[in-house]
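Trainee: Sending over coords.tsv (TSV, C-alpha atoms and all ligand atoms).
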```tsv
chain	number	residue	atom	x	y	z
A	1210	MET	CA	-6.76	-12.55	3.05
A	1211	LYS	CA	-4.27	-9.68	2.84
A	1212	SER	CA	-5.48	-6.35	1.54
A	1213	VAL	CA	-2.63	-3.94	2.23
A	1214	ILE	CA	-2.10	-2.71	-1.34
A	1215	TYR	CA	-5.81	-2.60	-2.09
A	1216	ASN	CA	-6.47	-0.57	1.06
A	1217	THR	CA	-3.85	2.00	0.09
A	1218	LEU	CA	-5.37	2.25	-3.40
A	1219	ALA	CA	-8.87	2.70	-1.98
A	1220	GLU	CA	-7.61	5.27	0.54
A	1221	LYS	CA	-5.78	7.21	-2.18
A	1222	LYS	CA	-8.94	7.21	-4.26
A	1223	LYS	CA	-10.87	8.64	-1.31
A	1224	GLN	CA	-8.28	11.38	-0.99
A	1225	GLY	CA	-8.33	12.01	-4.76
A	1226	LYS	CA	-4.65	11.10	-5.08
A	1227	LYS	CA	-3.51	9.65	-8.40
A	1228	SER	CA	-0.91	6.92	-8.82
A	1229	PHE	CA	1.58	6.12	-11.51
A	1230	ALA	CA	2.64	2.56	-12.34
A	1231	VAL	CA	5.44	1.42	-14.61
A	1232	LEU	CA	4.76	-1.84	-16.44
A	1233	ILE	CA	7.75	-4.13	-16.75
A	1234	ASP	CA	7.57	-7.02	-19.18
A	1235	PRO	CA	10.23	-9.56	-18.10
A	1236	ASP	CA	10.64	-10.60	-21.76
A	1237	LYS	CA	11.66	-7.12	-22.79
A	1238	VAL	CA	14.12	-6.08	-20.11
A	1239	ASP	CA	17.65	-7.27	-19.50
A	1240	LYS	CA	19.37	-6.72	-16.17
A	1241	ALA	CA	20.91	-3.40	-17.16
A	1242	LEU	CA	17.58	-1.96	-18.29
A	1243	LEU	CA	15.84	-3.34	-15.21
A	1244	ASP	CA	18.37	-1.61	-12.97
A	1245	GLU	CA	17.87	1.63	-14.87
A	1246	LEU	CA	14.07	1.37	-14.60
A	1247	ILE	CA	14.30	0.71	-10.86
A	1248	GLU	CA	16.61	3.65	-10.27
A	1249	LEU	CA	14.49	6.05	-12.32
A	1250	SER	CA	11.27	4.79	-10.70
A	1251	VAL	CA	12.64	5.36	-7.20
A	1252	SER	CA	13.80	8.87	-7.98
A	1253	ALA	CA	10.50	9.71	-9.75
A	1254	LYS	CA	8.46	8.36	-6.80
A	1255	VAL	CA	6.62	5.83	-8.94
A	1256	ASP	CA	3.79	4.31	-6.90
A	1257	TYR	CA	3.71	0.75	-8.26
A	1258	LEU	CA	5.69	-1.55	-10.50
A	1259	LEU	CA	3.46	-3.86	-12.52
A	1260	VAL	CA	5.21	-6.98	-13.76
A	1261	GLY	CA	3.83	-9.17	-16.53
A	1262	GLY	CA	2.78	-9.23	-20.13
A	1263	SER	CA	0.29	-11.07	-22.30
A	1264	LEU	CA	2.95	-13.45	-23.44
A	1265	VAL	CA	5.80	-13.99	-21.03
A	1266	ILE	CA	8.03	-16.34	-23.00
A	1267	SER	CA	11.12	-16.35	-20.85
A	1268	ASN	CA	11.15	-17.99	-17.44
A	1269	HIS	CA	12.72	-15.18	-15.53
A	1270	LEU	CA	9.59	-13.58	-14.13
A	1271	ASP	CA	10.48	-14.81	-10.66
A	1272	GLU	CA	14.07	-13.64	-11.00
A	1273	CYS	CA	12.87	-10.25	-12.25
A	1274	VAL	CA	10.49	-9.79	-9.30
A	1275	GLN	CA	13.13	-10.84	-6.78
A	1276	HIS	CA	15.63	-8.44	-8.31
A	1277	ILE	CA	13.17	-5.55	-8.02
A	1278	LYS	CA	12.32	-6.44	-4.41
A	1279	GLN	CA	16.00	-6.55	-3.48
A	1280	HIS	CA	16.66	-3.12	-4.91
A	1281	CYS	CA	13.68	-0.95	-4.00
A	1282	SER	CA	10.61	-0.74	-1.82
A	1283	ILE	CA	8.09	0.16	-4.52
A	1284	PRO	CA	5.23	-2.36	-4.30
A	1285	VAL	CA	5.34	-4.98	-7.05
A	1286	ILE	CA	1.99	-6.02	-8.49
A	1287	LEU	CA	1.72	-8.94	-10.89
A	1288	PHE	CA	-0.24	-8.30	-14.08
A	1289	PRO	CA	-0.35	-11.82	-15.48
A	1290	GLY	CA	-1.16	-12.80	-19.04
A	1291	SER	CA	-1.69	-16.37	-17.89
A	1292	PRO	CA	-1.99	-18.27	-14.59
A	1293	SER	CA	1.62	-19.44	-14.91
A	1294	GLN	CA	2.92	-15.88	-14.47
A	1295	ILE	CA	3.06	-15.98	-10.70
A	1296	SER	CA	5.88	-15.13	-8.33
A	1297	LYS	CA	5.36	-15.41	-4.63
A	1298	HIS	CA	7.96	-12.67	-4.16
A	1299	ALA	CA	5.59	-9.99	-5.48
A	1300	ASP	CA	3.36	-7.99	-3.15
A	1301	ALA	CA	0.04	-8.48	-4.89
A	1302	LEU	CA	-1.68	-9.99	-7.90
A	1303	LEU	CA	-4.21	-8.39	-10.23
A	1304	TYR	CA	-6.61	-11.33	-10.31
A	1305	LEU	CA	-8.00	-10.55	-13.72
A	1306	SER	CA	-11.31	-11.59	-15.17
A	1307	LEU	CA	-11.70	-10.44	-18.77
A	1308	ILE	CA	-15.20	-9.03	-18.38
A	1309	SER	CA	-15.23	-7.26	-21.75
A	1310	GLY	CA	-14.87	-10.63	-23.50
A	1311	ARG	CA	-17.08	-13.66	-23.71
A	1312	ASN	CA	-14.38	-16.26	-23.44
A	1313	PRO	CA	-15.32	-18.41	-20.43
A	1314	GLU	CA	-11.72	-19.51	-19.95
A	1315	LEU	CA	-10.65	-15.94	-19.18
A	1316	LEU	CA	-13.77	-15.10	-17.22
A	1317	ILE	CA	-13.53	-18.03	-14.80
A	1318	GLY	CA	-12.02	-21.18	-16.39
A	1319	GLN	CA	-8.33	-20.51	-15.81
A	1320	HIS	CA	-9.11	-19.23	-12.34
A	1321	VAL	CA	-10.68	-22.53	-11.34
A	1322	VAL	CA	-7.69	-24.53	-12.55
A	1323	SER	CA	-5.14	-22.31	-10.83
A	1324	ALA	CA	-7.06	-21.44	-7.63
A	1325	PRO	CA	-5.19	-23.74	-5.18
A	1326	PHE	CA	-1.84	-22.69	-6.59
A	1327	ILE	CA	-2.71	-18.98	-6.42
A	1328	ARG	CA	-4.01	-19.28	-2.86
A	1329	GLN	CA	-0.85	-21.12	-1.82
A	1330	SER	CA	1.34	-18.30	-3.16
A	1331	GLY	CA	0.35	-16.15	-0.19
A	1332	LEU	CA	0.05	-13.14	-2.51
A	1333	GLU	CA	-2.44	-10.38	-1.88
A	1334	ILE	CA	-5.19	-11.11	-4.39
A	1335	MET	CA	-6.96	-8.14	-5.95
A	1336	PRO	CA	-10.06	-9.18	-7.93
A	1337	THR	CA	-9.94	-7.03	-11.05
A	1338	GLY	CA	-12.49	-6.55	-13.80
A	1339	TYR	CA	-10.32	-6.35	-16.91
A	1340	ILE	CA	-11.87	-4.41	-19.78
A	1341	VAL	CA	-10.11	-4.34	-23.14
A	1342	VAL	CA	-11.01	-1.42	-25.37
A	1343	ASP	CA	-10.17	-1.21	-29.07
A	1344	GLY	CA	-6.91	0.71	-29.39
A	1345	GLY	CA	-6.79	0.81	-33.17
A	1346	ALA	CA	-4.54	-2.21	-33.65
A	1347	PRO	CA	-4.92	-5.90	-32.93
A	1348	THR	CA	-2.84	-6.30	-29.78
A	1349	THR	CA	-1.40	-9.42	-28.21
A	1350	VAL	CA	-4.04	-9.29	-25.52
A	1351	SER	CA	-6.97	-9.34	-27.98
A	1352	TYR	CA	-5.38	-12.10	-30.05
A	1353	ILE	CA	-4.44	-14.29	-27.10
A	1354	SER	CA	-7.74	-13.74	-25.36
A	1355	ASN	CA	-9.70	-14.43	-28.53
A	1356	ALA	CA	-12.11	-11.78	-27.37
A	1357	THR	CA	-13.41	-8.74	-29.20
A	1358	PRO	CA	-12.47	-5.50	-27.47
A	1359	ILE	CA	-15.14	-2.90	-26.72
A	1360	PRO	CA	-15.31	-0.41	-29.62
A	1361	ALA	CA	-13.46	2.78	-28.70
A	1362	ASP	CA	-16.55	4.97	-29.07
A	1363	LYS	CA	-19.00	2.76	-27.17
A	1364	ASN	CA	-18.72	4.55	-23.84
A	1365	GLU	CA	-21.97	3.13	-22.49
A	1366	ILE	CA	-20.87	-0.46	-23.07
A	1367	ALA	CA	-17.69	0.24	-21.11
A	1368	MET	CA	-19.72	1.89	-18.36
A	1369	CYS	CA	-22.19	-0.99	-18.06
A	1370	THR	CA	-19.36	-3.53	-18.14
A	1371	ALA	CA	-17.51	-1.76	-15.33
A	1372	MET	CA	-20.69	-1.42	-13.27
A	1373	ALA	CA	-21.47	-5.11	-13.69
A	1374	GLY	CA	-17.91	-6.03	-12.72
A	1375	GLU	CA	-18.12	-3.95	-9.59
A	1376	MET	CA	-21.52	-5.39	-8.62
A	1377	LEU	CA	-20.08	-8.87	-9.10
A	1378	GLY	CA	-17.55	-7.98	-6.40
A	1379	MET	CA	-14.50	-6.90	-8.36
A	1380	LYS	CA	-12.44	-4.47	-6.31
A	1381	LEU	CA	-10.59	-2.80	-9.18
A	1382	ILE	CA	-11.45	-2.02	-12.77
A	1383	TYR	CA	-8.62	-2.00	-15.33
A	1384	MET	CA	-9.45	-0.51	-18.74
A	1385	ASP	CA	-6.74	-1.29	-21.24
A	1386	ALA	CA	-6.36	-0.31	-24.90
A	1387	GLY	CA	-3.60	-2.95	-25.12
A	1388	SER	CA	0.13	-2.55	-25.03
A	1389	GLY	CA	1.35	-0.23	-27.76
A	1390	ALA	CA	-2.20	0.78	-28.73
A	1391	LYS	CA	-2.35	3.34	-31.50
A	1392	ARG	CA	-5.24	5.09	-29.78
A	1393	PRO	CA	-5.33	5.21	-26.00
A	1394	ILE	CA	-8.69	5.21	-24.23
A	1395	THR	CA	-10.59	8.48	-24.62
A	1396	GLU	CA	-11.21	10.81	-21.70
A	1397	SER	CA	-14.95	10.68	-22.40
A	1398	MET	CA	-14.95	6.90	-21.87
A	1399	ILE	CA	-12.82	7.21	-18.73
A	1400	LYS	CA	-15.14	9.87	-17.33
A	1401	ILE	CA	-18.37	7.98	-17.82
A	1402	VAL	CA	-16.88	4.83	-16.30
A	1403	ALA	CA	-15.33	6.69	-13.36
A	1404	ASP	CA	-18.63	8.47	-12.68
A	1405	HIS	CA	-20.47	5.18	-12.34
A	1406	ILE	CA	-18.17	3.09	-10.15
A	1407	GLU	CA	-16.58	3.42	-6.74
A	1408	ALA	CA	-13.73	0.98	-7.36
A	1409	PRO	CA	-10.31	2.43	-8.20
A	1410	LEU	CA	-9.94	2.73	-11.97
A	1411	ILE	CA	-6.69	1.70	-13.67
A	1412	ILE	CA	-6.04	2.96	-17.21
A	1413	GLY	CA	-3.36	1.81	-19.63
A	1414	GLY	CA	-2.49	1.09	-23.23
A	1415	GLY	CA	-0.83	3.44	-25.71
A	1416	ILE	CA	-0.15	6.30	-23.30
A	1417	THR	CA	2.99	7.95	-24.64
A	1418	GLU	CA	2.67	11.57	-23.51
A	1419	PRO	CA	2.69	12.93	-19.95
A	1420	GLU	CA	-0.11	15.30	-20.99
A	1421	LYS	CA	-2.29	12.32	-21.87
A	1422	ALA	CA	-1.61	10.72	-18.49
A	1423	TYR	CA	-2.61	14.00	-16.83
A	1424	LEU	CA	-5.84	14.30	-18.83
A	1425	ASN	CA	-6.73	10.67	-18.12
A	1426	CYS	CA	-6.40	11.35	-14.40
A	1427	LYS	CA	-8.47	14.53	-14.65
A	1428	ALA	CA	-11.15	12.45	-16.40
A	1429	GLY	CA	-11.25	9.99	-13.49
A	1430	ALA	CA	-8.40	7.49	-13.78
A	1431	ASP	CA	-6.87	6.60	-10.41
A	1432	VAL	CA	-3.84	4.70	-11.66
A	1433	ILE	CA	-2.02	5.25	-14.96
A	1434	VAL	CA	0.02	2.36	-16.36
A	1435	VAL	CA	2.74	2.91	-18.95
A	1436	GLY	CA	4.93	0.18	-20.42
A	1437	ASN	CA	5.81	0.47	-24.10
A	1438	ALA	CA	6.72	4.16	-24.19
A	1439	ILE	CA	9.03	3.72	-21.20
A	1440	GLU	CA	10.74	0.70	-22.77
A	1441	LYS	CA	11.60	3.00	-25.67
A	1442	ASP	CA	12.62	5.98	-23.54
A	1443	ALA	CA	13.14	5.29	-19.85
A	1444	SER	CA	13.59	8.99	-19.09
A	1445	LEU	CA	9.82	9.40	-19.61
A	1446	ILE	CA	9.31	7.89	-16.14
A	1447	GLN	CA	10.14	11.19	-14.48
A	1448	GLU	CA	7.79	13.28	-16.65
A	1449	MET	CA	4.94	10.78	-16.52
A	1450	SER	CA	5.14	10.41	-12.76
A	1451	ALA	CA	5.33	14.19	-12.28
A	1452	ALA	CA	2.32	14.70	-14.57
A	1453	VAL	CA	0.19	12.14	-12.72
A	1454	HIS	CA	1.16	13.49	-9.31
A	1455	SER	CA	0.48	17.08	-10.37
A	1456	VAL	CA	-3.25	16.45	-10.82
A	1457	PRO	CA	-5.07	18.64	-8.28
A	1458	VAL	CA	-6.46	16.58	-5.42
A	1459	LYS	CA	-10.25	16.37	-5.52
A	1460	VAL	CA	-11.60	14.72	-2.40
A	1461	ILE	CA	-14.27	12.15	-3.17
B	1501	LIG	C1	-0.78	-2.82	-21.44
B	1501	LIG	O1	-1.89	-1.18	-20.14
B	1501	LIG	C2	-0.66	-1.71	-20.46
B	1501	LIG	O2	-1.54	-3.88	-21.00
B	1501	LIG	C3	0.34	-0.67	-20.87
B	1501	LIG	O3	0.28	-0.35	-22.22
B	1501	LIG	O4	2.60	-0.77	-23.00
B	1501	LIG	O5	1.05	0.67	-24.34
B	1501	LIG	O6	1.99	1.48	-22.18
B	1501	LIG	P1	1.54	0.29	-22.98
```
As C-alpha cells, please, write out the structure in this file.

Mentor:
Amino acid sequence: MKSVIYNTLAEKKKQGKKSFAVLIDPDKVDKALLDELIELSVSAKVDYLLVGGSLVISNHLDECVQHIKQHCSIPVILFPGSPSQISKHADALLYLSLISGRNPELLIGQHVVSAPFIRQSGLEIMPTGYIVVDGGAPTTVSYISNATPIPADKNEIAMCTAMAGEMLGMKLIYMDAGSGAKRPITESMIKIVADHIEAPLIIGGGITEPEKAYLNCKAGADVIVVGNAIEKDASLIQEMSAAVHSVPVKVI
C-alpha cells in the first residue's frame, strides 16, 4: 500500500514542522471560487487541500478533485462524510473511524461494505481515528453520525480515546469540533492529547483566527484544517498559512 503522504506527515512531525490544510466542500464552491481558492492556496504555500464534507449533496466531487489536480500540485486528501465520497483522482484518503462515537456503522460497518471499492480506487489509505468534540452547536457531523461528541472540557476522555485509537493501529488522529463550531477545541485538550500520542494530530472545526491556528500548533497540533472561515473570506488563507508556518520548529 502507498504511504507517500503519510510518510511526509510523519517526517514533518519528527521535524516539528506544522502544516496548514484548506477544507473544500464541493457543495459550497462553484468553479470561480474553486479557482480563487487554488490560486490563493498556491501562493500561500498551503500544504494540503482536504476535499469533502459531512453531506456532499452534489455529484461533482470527482470533477472538483480533477479540477484541483489539473491546476496545482498541492496534495489532495479526501475527507469523506460517507463511503460514496471517493475520487480516484485524489492523492490520499482519510480512512475515518469515528472513535469518539459508539455507532458501529461509523466505527467499522461502512468500512466493511465499501472495502473492495476503496481498495480498488488505488488511493493512499490513511487510517484515521476521528474524534468529534463538542463545539457548542449541533453540527452536521454529530447529527449525521448520531454520536455524542466528547464534552469540550473532558480532556482525559479525548486523551484516552486518542491513545486507544493509536494502539488500535490508526496512523493519524483528527480531533474536530465540527464545521462552523462556535467553540474550537481548547489548547489544553490539544496539549494533553498531543503529549500522549506519537501519531500526527489534525485539528479542525471553528478556527476563524490565525492566532488560534498558531496557538493550536503551539499546543501540539500538527495539521490545522480550516473550511468555513475561508469560504466566507478566502483572503484568510494567506494569514492562516503564515501563522501555522511561523510556529517555531521544535524537534521531537
Ligand atoms: C470540519 O474540521 C473541519 O470538519 C473544518 O471546520 O469548517 O469550521 O473550519 P471549519

Trainee: Would you work out the distance separating atom O6 of ligand LIG 1501 (chain B) from atom CA of Thr1417 of chain A, expressed in Å to one decimal?

Mentor: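 Taking atom O6 of ligand LIG 1501 (chain B) and atom CA of Thr1417 of chain A, their separation equals 7.0 Å.
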
Trainee: Find the residues around segment 1242-1255 of chain A up to 9 Å (all atoms listed in the file counted), leave out those fewer than 4 positions away in its own chain, and share them as number ranges by chain.

Mentor: A: 1228-1231, 1233, 1235, 1238, 1273, 1276-1277, 1280-1283, 1439-1440, 1443-1444, 1446-1451

Trainee: Restricting it to C-alpha atoms, dump the selection as a short mmCIF file (atom, residue, chain, number, x, y, z; two decimals), keeping the file's coordinate frame.

Mentor:
```cif
data_model
loop_
_atom_site.label_atom_id
_atom_site.label_comp_id
_atom_site.auth_asym_id
_atom_site.auth_seq_id
_atom_site.Cartn_x
_atom_site.Cartn_y
_atom_site.Cartn_z
CA SER A 1228 -0.91 6.92 -8.82
CA PHE A 1229 1.58 6.12 -11.51
CA ALA A 1230 2.64 2.56 -12.34
CA VAL A 1231 5.44 1.42 -14.61
CA ILE A 1233 7.75 -4.13 -16.75
CA PRO A 1235 10.23 -9.56 -18.10
CA VAL A 1238 14.12 -6.08 -20.11
CA CYS A 1273 12.87 -10.25 -12.25
CA HIS A 1276 15.63 -8.44 -8.31
CA ILE A 1277 13.17 -5.55 -8.02
CA HIS A 1280 16.66 -3.12 -4.91
CA CYS A 1281 13.68 -0.95 -4.00
CA SER A 1282 10.61 -0.74 -1.82
CA ILE A 1283 8.09 0.16 -4.52
CA ILE A 1439 9.03 3.72 -21.20
CA GLU A 1440 10.74 0.70 -22.77
CA ALA A 1443 13.14 5.29 -19.85
CA SER A 1444 13.59 8.99 -19.09
CA ILE A 1446 9.31 7.89 -16.14
CA GLN A 1447 10.14 11.19 -14.48
CA GLU A 1448 7.79 13.28 -16.65
CA MET A 1449 4.94 10.78 -16.52
CA SER A 1450 5.14 10.41 -12.76
CA ALA A 1451 5.33 14.19 -12.28
#
```

Trainee: List every residue of chain A that has an atom at most 6 Å from any atom of ligand LIG 1501 (chain B), giving for each one its closest atom pair and the distance in Å to one decimal, counting all atoms listed in the file, sorted by chain and then by ascending residue number, as CSV.

Mentor:
```
residue,atom,partner,partner_atom,distance
A:Asp1385,CA,B:LIG1501,O1,5.0
A:Gly1387,CA,B:LIG1501,C1,4.6
A:Ser1388,CA,B:LIG1501,O5,3.4
A:Gly1389,CA,B:LIG1501,O5,3.5
A:Ala1390,CA,B:LIG1501,O5,5.5
A:Gly1413,CA,B:LIG1501,O1,3.4
A:Gly1414,CA,B:LIG1501,O3,3.3
A:Gly1415,CA,B:LIG1501,O5,3.6
A:Ile1416,CA,B:LIG1501,O6,5.4
A:Val1434,CA,B:LIG1501,C3,5.4
A:Val1435,CA,B:LIG1501,O6,3.6
A:Gly1436,CA,B:LIG1501,O4,3.6
A:Asn1437,CA,B:LIG1501,O4,3.6
A:Ala1438,CA,B:LIG1501,O6,5.8
```

Trainee: Give one line per residue of segment 1315-1359 of chain A that approaches segment 1370-1382 of chain A to at most 6 Å, naming the two atoms of the closest pair and their distance in Å to one decimal, counting all atoms listed in the file; sort by chain then ascending residue number and deliver it as a tab-separated table.

Mentor:
```
residue	atom	partner	partner_atom	distance
A:Pro1336	CA	A:Met1379	CA	5.0
A:Thr1337	CA	A:Leu1381	CA	4.7
A:Gly1338	CA	A:Ile1382	CA	4.8
```

Trainee: Nearest residue to Lys1363 of chain A out of A:Asn1216, A:Gln1329, A:Ser1323, A:Thr1395, using all atoms listed in the file?

Mentor: A:Thr1395

Trainee: Using all atoms listed in the file, which of A:Asn1268, A:Ala1356, A:Gly1225, A:Pro1347 sits nearest Cys1426 of chain A?

Mentor: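 Using all atoms listed in the file, the shortest distance to Cys1426 of chain A belongs to A:Gly1225.
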
Trainee: Mind pulling up the distance from atom CA of Ser1309 of chain A to atom CA of Ser1397 of chain A?

Mentor: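 Rounded to one decimal, the two atoms are 18.0 Å apart.
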
Trainee: Can you check which parts of segment 1350-1412 of chain A lie within 10 Å of segment 1284-1299 of chain A? Per residue, the shortest pair of atoms and distance in Å to one decimal, counting all atoms listed in the file, sorted by chain and number, as JSON lines.

Mentor:
```
{"residue": "A:Val1350", "atom": "CA", "partner": "A:Gly1290", "partner_atom": "CA", "distance": 7.9}
{"residue": "A:Ile1353", "atom": "CA", "partner": "A:Gly1290", "partner_atom": "CA", "distance": 8.8}
{"residue": "A:Ser1354", "atom": "CA", "partner": "A:Gly1290", "partner_atom": "CA", "distance": 9.2}
```

Trainee: Give the answer as one residue: which of A:Ile1401, A:Cys1369, A:Tyr1383, A:Tyr1352 has the shortest atom-to-atom distance to Leu1307 of chain A, using all atoms listed in the file?

Mentor: A:Tyr1383

Trainee: Please rebuild segment 1363-1391 of chain A with N, CA and C atoms and return the result as a JSON list (two decimals), keeping the file's coordinate frame.

Mentor:
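As a result, rebuild33.json now contains:
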```json
[["chain", "number", "residue", "atom", "x", "y", "z"],
["A", 1363, "LYS", "N", -17.80, 3.26, -27.86],
["A", 1363, "LYS", "CA", -19.00, 2.76, -27.17],
["A", 1363, "LYS", "C", -18.86, 2.95, -25.65],
["A", 1364, "ASN", "N", -18.94, 4.21, -25.26],
["A", 1364, "ASN", "CA", -18.72, 4.55, -23.84],
["A", 1364, "ASN", "C", -19.71, 3.84, -22.91],
["A", 1365, "GLU", "N", -20.96, 3.72, -23.38],
["A", 1365, "GLU", "CA", -21.97, 3.13, -22.49],
["A", 1365, "GLU", "C", -21.71, 1.64, -22.26],
["A", 1366, "ILE", "N", -21.17, 0.97, -23.27],
["A", 1366, "ILE", "CA", -20.87, -0.46, -23.07],
["A", 1366, "ILE", "C", -19.78, -0.59, -22.01],
["A", 1367, "ALA", "N", -18.77, 0.28, -22.11],
["A", 1367, "ALA", "CA", -17.69, 0.24, -21.11],
["A", 1367, "ALA", "C", -18.25, 0.53, -19.72],
["A", 1368, "MET", "N", -19.13, 1.51, -19.65],
["A", 1368, "MET", "CA", -19.72, 1.89, -18.36],
["A", 1368, "MET", "C", -20.51, 0.73, -17.76],
["A", 1369, "CYS", "N", -21.37, 0.11, -18.58],
["A", 1369, "CYS", "CA", -22.19, -0.99, -18.06],
["A", 1369, "CYS", "C", -21.32, -2.19, -17.67],
["A", 1370, "THR", "N", -20.25, -2.41, -18.44],
["A", 1370, "THR", "CA", -19.36, -3.53, -18.14],
["A", 1370, "THR", "C", -18.66, -3.30, -16.79],
["A", 1371, "ALA", "N", -18.19, -2.08, -16.60],
["A", 1371, "ALA", "CA", -17.51, -1.76, -15.33],
["A", 1371, "ALA", "C", -18.47, -1.86, -14.16],
["A", 1372, "MET", "N", -19.70, -1.35, -14.35],
["A", 1372, "MET", "CA", -20.69, -1.42, -13.27],
["A", 1372, "MET", "C", -20.99, -2.88, -12.91],
["A", 1373, "ALA", "N", -21.16, -3.69, -13.95],
["A", 1373, "ALA", "CA", -21.47, -5.11, -13.69],
["A", 1373, "ALA", "C", -20.31, -5.77, -12.96],
["A", 1374, "GLY", "N", -19.08, -5.45, -13.38],
["A", 1374, "GLY", "CA", -17.91, -6.03, -12.72],
["A", 1374, "GLY", "C", -17.88, -5.65, -11.25],
["A", 1375, "GLU", "N", -18.15, -4.40, -10.99],
["A", 1375, "GLU", "CA", -18.12, -3.95, -9.59],
["A", 1375, "GLU", "C", -19.23, -4.63, -8.77],
["A", 1376, "MET", "N", -20.42, -4.75, -9.36],
["A", 1376, "MET", "CA", -21.52, -5.39, -8.62],
["A", 1376, "MET", "C", -21.28, -6.88, -8.42],
["A", 1377, "LEU", "N", -20.44, -7.45, -9.29],
["A", 1377, "LEU", "CA", -20.08, -8.87, -9.10],
["A", 1377, "LEU", "C", -19.00, -9.03, -8.02],
["A", 1378, "GLY", "N", -18.50, -7.92, -7.52],
["A", 1378, "GLY", "CA", -17.55, -7.98, -6.40],
["A", 1378, "GLY", "C", -16.12, -7.65, -6.75],
["A", 1379, "MET", "N", -15.88, -7.24, -8.00],
["A", 1379, "MET", "CA", -14.50, -6.90, -8.36],
["A", 1379, "MET", "C", -14.09, -5.59, -7.69],
["A", 1380, "LYS", "N", -12.88, -5.61, -7.13],
["A", 1380, "LYS", "CA", -12.44, -4.47, -6.31],
["A", 1380, "LYS", "C", -11.76, -3.38, -7.13],
["A", 1381, "LEU", "N", -11.26, -3.76, -8.30],
["A", 1381, "LEU", "CA", -10.59, -2.80, -9.18],
["A", 1381, "LEU", "C", -11.13, -2.99, -10.58],
["A", 1382, "ILE", "N", -11.12, -1.91, -11.35],
["A", 1382, "ILE", "CA", -11.45, -2.02, -12.77],
["A", 1382, "ILE", "C", -10.23, -1.52, -13.55],
["A", 1383, "TYR", "N", -9.78, -2.35, -14.50],
["A", 1383, "TYR", "CA", -8.62, -2.00, -15.33],
["A", 1383, "TYR", "C", -9.10, -1.90, -16.77],
["A", 1384, "MET", "N", -9.09, -0.68, -17.32],
["A", 1384, "MET", "CA", -9.45, -0.51, -18.74],
["A", 1384, "MET", "C", -8.17, -0.35, -19.52],
["A", 1385, "ASP", "N", -8.02, -1.19, -20.54],
["A", 1385, "ASP", "CA", -6.74, -1.29, -21.24],
["A", 1385, "ASP", "C", -6.97, -1.25, -22.75],
["A", 1386, "ALA", "N", -6.28, -0.35, -23.43],
["A", 1386, "ALA", "CA", -6.36, -0.31, -24.90],
["A", 1386, "ALA", "C", -5.35, -1.27, -25.51],
["A", 1387, "GLY", "N", -4.60, -1.98, -24.65],
["A", 1387, "GLY", "CA", -3.60, -2.95, -25.12],
["A", 1387, "GLY", "C", -2.24, -2.30, -25.25],
["A", 1388, "SER", "N", -1.22, -3.11, -25.00],
["A", 1388, "SER", "CA", 0.13, -2.55, -25.03],
["A", 1388, "SER", "C", 0.47, -2.03, -26.42],
["A", 1389, "GLY", "N", 0.97, -0.82, -26.47],
["A", 1389, "GLY", "CA", 1.35, -0.23, -27.76],
["A", 1389, "GLY", "C", 0.16, 0.18, -28.60],
["A", 1390, "ALA", "N", -1.00, 0.37, -27.97],
["A", 1390, "ALA", "CA", -2.20, 0.78, -28.73],
["A", 1390, "ALA", "C", -1.93, 2.06, -29.50],
["A", 1391, "LYS", "N", -2.52, 2.13, -30.70],
["A", 1391, "LYS", "CA", -2.35, 3.34, -31.50],
["A", 1391, "LYS", "C", -3.18, 4.47, -30.91]]
```
